[in-house]
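A short worksheet on the structure shown next.
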Amino acid sequence: MARIESYSPGRVVVDGVELHRDVIVLPDRVLTEWWRRDGHSLAIEDLDDVLDDLPERLVLGCGYASQLQPDAAVIAALGRRGVKVEALPTDQAVERFSELEARNPAAVAAALHLTC
């Protein structure tokens with residue numbers, strides 16, 4: 001199980017590794033250098049690499065100023081797949097991920113936009 005140890009704008013530490021690119025943390029792996037087709041929006045295609053691996057909860061870190069905006073259609077599509085999305089500023093998303101992970105590590109993933 002991957003642990004998010006700390007976050008500051010433009011930087012996150014996951015399992016002792018400092019990362020400077022957006023990241024997805026799944027129960028069994030970490031996708032570093034997560035890239036979206038439009039930097040400040042979230043389309044379902046942006047999750048293609050992990051879509052089948054998402055657990056029941058996805059905590060979306062929208063950046064320190066919440067500039068990343070998930071499309072309502074993405075939230076609905078994930079909901080139809082049984083995935084509940086919580087979109088928060090990234091610092092709050094990291095805290096929420098840690099809370100949920102402490103309860104059930106297999107039930108939560110995080111997709112984190114590290115900047116703006």
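Residues in the structure tokens are named by chain (A, B, ... in the order shown) and by number from 1 within that chain; ligands are numbered from 1 in the order shown.
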
#### Entry: Long-range neighbours of Gly61 in chain A as JSON, numbers by chain, 8 Å cut-off, only C-alpha atoms, 3 positions minimum in chain
{"A": [66, 87, 88, 89, 90, 91, 92, 93, 94, 110, 111, 112, 113, 114]}

Export of prior selection with N, CA and C atoms as a CSV table (one decimal), in the first residue's frame:
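Dumped to result-v5.csv:
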```csv
chain,number,residue,atom,x,y,z
A,66,SER,N,-7.1,25.1,-6.4
A,66,SER,CA,-8.2,24.4,-7.0
A,66,SER,C,-8.5,24.7,-8.5
A,87,ALA,N,-13.5,15.8,-4.7
A,87,ALA,CA,-12.6,16.8,-5.3
A,87,ALA,C,-12.3,17.9,-4.3
A,88,LEU,N,-11.1,18.1,-3.9
A,88,LEU,CA,-10.6,19.0,-2.9
A,88,LEU,C,-9.3,19.7,-3.3
A,89,PRO,N,-9.0,20.8,-2.7
A,89,PRO,CA,-7.7,21.4,-2.9
A,89,PRO,C,-6.7,20.3,-2.5
A,90,THR,N,-5.5,20.2,-3.1
A,90,THR,CA,-4.6,19.1,-3.0
A,90,THR,C,-4.2,18.9,-1.5
A,91,ASP,N,-3.9,19.9,-0.8
A,91,ASP,CA,-3.5,19.7,0.6
A,91,ASP,C,-4.6,19.0,1.4
A,92,GLN,N,-5.9,19.4,1.2
A,92,GLN,CA,-7.0,18.7,1.8
A,92,GLN,C,-7.2,17.3,1.3
A,93,ALA,N,-7.0,17.1,0.0
A,93,ALA,CA,-7.1,15.8,-0.6
A,93,ALA,C,-6.1,14.8,0.0
A,94,VAL,N,-4.9,15.3,0.2
A,94,VAL,CA,-3.9,14.4,0.9
A,94,VAL,C,-4.3,14.0,2.3
A,110,ALA,N,-5.9,8.1,-4.9
A,110,ALA,CA,-5.8,9.6,-5.0
A,110,ALA,C,-5.2,10.0,-6.4
A,111,ALA,N,-5.8,11.0,-7.0
A,111,ALA,CA,-5.2,11.6,-8.2
A,111,ALA,C,-4.9,13.0,-7.9
A,112,LEU,N,-3.6,13.4,-7.9
A,112,LEU,CA,-3.2,14.7,-7.3
A,112,LEU,C,-2.6,15.6,-8.4
A,113,HIS,N,-3.2,16.8,-8.5
A,113,HIS,CA,-2.6,17.9,-9.3
A,113,HIS,C,-1.7,18.7,-8.3
A,114,LEU,N,-0.4,18.7,-8.5
A,114,LEU,CA,0.5,19.3,-7.5
A,114,LEU,C,0.6,20.8,-7.5
```

- Task: Would you mind listing what lies within 10 Å of Ala73 in chain A as a PyMOL selection string, with only C-alpha atoms counted and same-chain residues fewer than 3 positions away left out?
- Result: chain A and resi 42-44+70+76-79

Please write the residues from the selection above to a file, keeping C-alpha atoms, as a CSV table (one decimal), in the first residue's frame.
```
chain,number,residue,atom,x,y,z
A,42,LEU,CA,-10.3,16.2,-15.9
A,43,ALA,CA,-11.7,14.0,-18.8
A,44,ILE,CA,-12.4,10.3,-18.5
A,70,PRO,CA,-13.4,17.8,-13.0
A,76,ALA,CA,-21.1,10.8,-13.4
A,77,ALA,CA,-19.2,8.2,-15.4
A,78,LEU,CA,-17.1,7.2,-12.4
A,79,GLY,CA,-20.3,7.0,-10.3
```

* Asked: Which residues, written as a ChimeraX atom specification, have at least one atom at most 12 Å from Glu99 in chain A, with only C-alpha atoms counted and residues fewer than 6 positions away on the same chain left out?
  -> /A:3-4,59,92-93,105,107-110

Suppose we keep N, CA and C atoms; can you now write the selection as a CSV table (one decimal), in the first residue's frame?
```csv
chain,number,residue,atom,x,y,z
A,3,ARG,N,1.9,5.1,0.6
A,3,ARG,CA,1.5,6.1,1.5
A,3,ARG,C,2.0,7.5,1.0
A,4,ILE,N,1.1,8.4,1.1
A,4,ILE,CA,1.4,9.8,0.8
A,4,ILE,C,1.9,10.4,2.1
A,59,VAL,N,-10.0,10.2,-4.4
A,59,VAL,CA,-9.8,11.6,-3.9
A,59,VAL,C,-9.0,12.3,-4.9
A,92,GLN,N,-5.9,19.4,1.2
A,92,GLN,CA,-7.0,18.7,1.8
A,92,GLN,C,-7.2,17.3,1.3
A,93,ALA,N,-7.0,17.1,0.0
A,93,ALA,CA,-7.1,15.8,-0.6
A,93,ALA,C,-6.1,14.8,0.0
A,105,PRO,N,-7.3,0.6,3.4
A,105,PRO,CA,-6.4,1.0,2.3
A,105,PRO,C,-6.8,0.5,0.9
A,107,ALA,N,-9.7,0.6,-0.4
A,107,ALA,CA,-10.9,1.2,-0.9
A,107,ALA,C,-10.7,2.6,-1.4
A,108,VAL,N,-9.4,3.1,-1.4
A,108,VAL,CA,-9.2,4.5,-1.8
A,108,VAL,C,-8.0,4.7,-2.7
A,109,ALA,N,-8.2,5.6,-3.6
A,109,ALA,CA,-7.1,6.0,-4.5
A,109,ALA,C,-7.0,7.6,-4.5
A,110,ALA,N,-5.9,8.1,-4.9
A,110,ALA,CA,-5.8,9.6,-5.0
A,110,ALA,C,-5.2,10.0,-6.4
```

Using DSSP secondary structure from the backbone, list all strand (DSSP E) positions within range 45-100 of chain A, as JSON, numbers by chain. {"A": [57, 58, 59, 60, 61, 62, 69, 70, 84, 85, 86, 87, 88]}

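Of the residues under consideration (A:His20, A:Lys84, A:Leu68, A:Arg96), A:Leu68 shows the shortest atom-to-atom contact distance to Arg36 in chain A when counting only C-alpha atoms.
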
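Minimum distance to Leu54 in chain A across A:Leu100, A:Ala106, A:Val23, A:Trp35 (counting only C-alpha atoms) occurs at A:Ala106.
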
CA of Thr115 in chain A to CA of Tyr7 in chain A measures 10.5 Å

Can you tell me, as a PDB file with C-alpha atoms, in the first residue's frame, what residues are no more than 10 Å from Met1 in chain A when counting only C-alpha atoms, ignoring any on the same chain fewer than 3 positions away?
```
ATOM      1  CA  ILE A   4       1.413   9.827   0.819  1.00  0.00           C
ATOM      2  CA  ASP A  15       6.674   6.066   0.006  1.00  0.00           C
ATOM      3  CA  VAL A  25      -1.829   6.658  -6.024  1.00  0.00           C
ATOM      4  CA  LEU A  26      -3.676   3.342  -6.206  1.00  0.00           C
ATOM      5  CA  PRO A  27      -3.840   0.683  -3.493  1.00  0.00           C
ATOM      6  CA  ASP A  28      -1.246  -1.441  -5.285  1.00  0.00           C
ATOM      7  CA  ARG A  29       0.804   0.969  -7.410  1.00  0.00           C
ATOM      8  CA  VAL A  30       1.733   4.566  -8.089  1.00  0.00           C
ATOM      9  CA  GLU A 101      -6.594   4.885   3.825  1.00  0.00           C
ATOM     10  CA  PRO A 105      -6.371   0.964   2.313  1.00  0.00           C
ATOM     11  CA  ALA A 106      -7.875  -1.092  -0.506  1.00  0.00           C
TER      12      ALA A 106
END
```

As a list of chain:residue names, please: all residues of chain A that backbone DSSP puts in alpha helix (DSSP H). A:Ala72, A:Ala73, A:Val74, A:Ile75, A:Ala76, A:Ala77, A:Leu78, A:Gly79, A:Arg80, A:Thr90, A:Asp91, A:Gln92, A:Ala93, A:Val94, A:Glu95, A:Arg96, A:Phe97, A:Ser98, A:Glu99, A:Leu100, A:Glu101, A:Ala102, A:Arg103

Okay, now the selection with C-alpha atoms, as a PDB file, in the first residue's frame?
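Listing of again36.pdb after writing:
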```
ATOM      1  CA  ALA A  72     -19.427  16.693 -14.334  1.00  0.00           C
ATOM      2  CA  ALA A  73     -19.640  13.955 -16.974  1.00  0.00           C
ATOM      3  CA  VAL A  74     -16.469  12.380 -15.529  1.00  0.00           C
ATOM      4  CA  ILE A  75     -17.911  12.365 -12.021  1.00  0.00           C
ATOM      5  CA  ALA A  76     -21.108  10.785 -13.378  1.00  0.00           C
ATOM      6  CA  ALA A  77     -19.212   8.180 -15.426  1.00  0.00           C
ATOM      7  CA  LEU A  78     -17.117   7.191 -12.415  1.00  0.00           C
ATOM      8  CA  GLY A  79     -20.260   7.032 -10.298  1.00  0.00           C
ATOM      9  CA  ARG A  80     -21.790   4.577 -12.759  1.00  0.00           C
ATOM     10  CA  THR A  90      -4.626  19.110  -2.975  1.00  0.00           C
ATOM     11  CA  ASP A  91      -3.531  19.708   0.627  1.00  0.00           C
ATOM     12  CA  GLN A  92      -7.009  18.712   1.846  1.00  0.00           C
ATOM     13  CA  ALA A  93      -7.113  15.787  -0.603  1.00  0.00           C
ATOM     14  CA  VAL A  94      -3.883  14.400   0.864  1.00  0.00           C
ATOM     15  CA  GLU A  95      -5.359  14.656   4.375  1.00  0.00           C
ATOM     16  CA  ARG A  96      -8.610  13.020   3.258  1.00  0.00           C
ATOM     17  CA  PHE A  97      -6.739  10.237   1.467  1.00  0.00           C
ATOM     18  CA  SER A  98      -4.792   9.518   4.661  1.00  0.00           C
ATOM     19  CA  GLU A  99      -8.006   9.388   6.716  1.00  0.00           C
ATOM     20  CA  LEU A 100      -9.701   6.992   4.300  1.00  0.00           C
ATOM     21  CA  GLU A 101      -6.594   4.885   3.825  1.00  0.00           C
ATOM     22  CA  ALA A 102      -6.284   4.398   7.592  1.00  0.00           C
ATOM     23  CA  ARG A 103      -9.785   2.889   7.598  1.00  0.00           C
TER      24      ARG A 103
END
```

Expressed in Å, the length from CA of Ala65 in chain A to CA of Cys116 in chain A is 5.1 Å

**Study point:** Shortest interatomic distance to Ser41 in chain A - which of A:Ile24, A:Val83, A:Leu60, A:Val14, counting only C-alpha atoms
**Key:**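 Once distances to Ser41 in chain A are computed over only C-alpha atoms, the minimum belongs to A:Leu60.
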
One-decimal distance in Å that lies between CA of Val12 in chain A and CA of Arg81 in chain A =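 Interatomic distance, CA of Arg81 in chain A to CA of Val12 in chain A: 28.2 Å.
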
Residue with the minimum atom-to-atom distance to Asp53 in chain A, picked from A:Gly82, A:Val17, A:Asp22, A:Glu5 with only C-alpha atoms counted, is A:Gly82
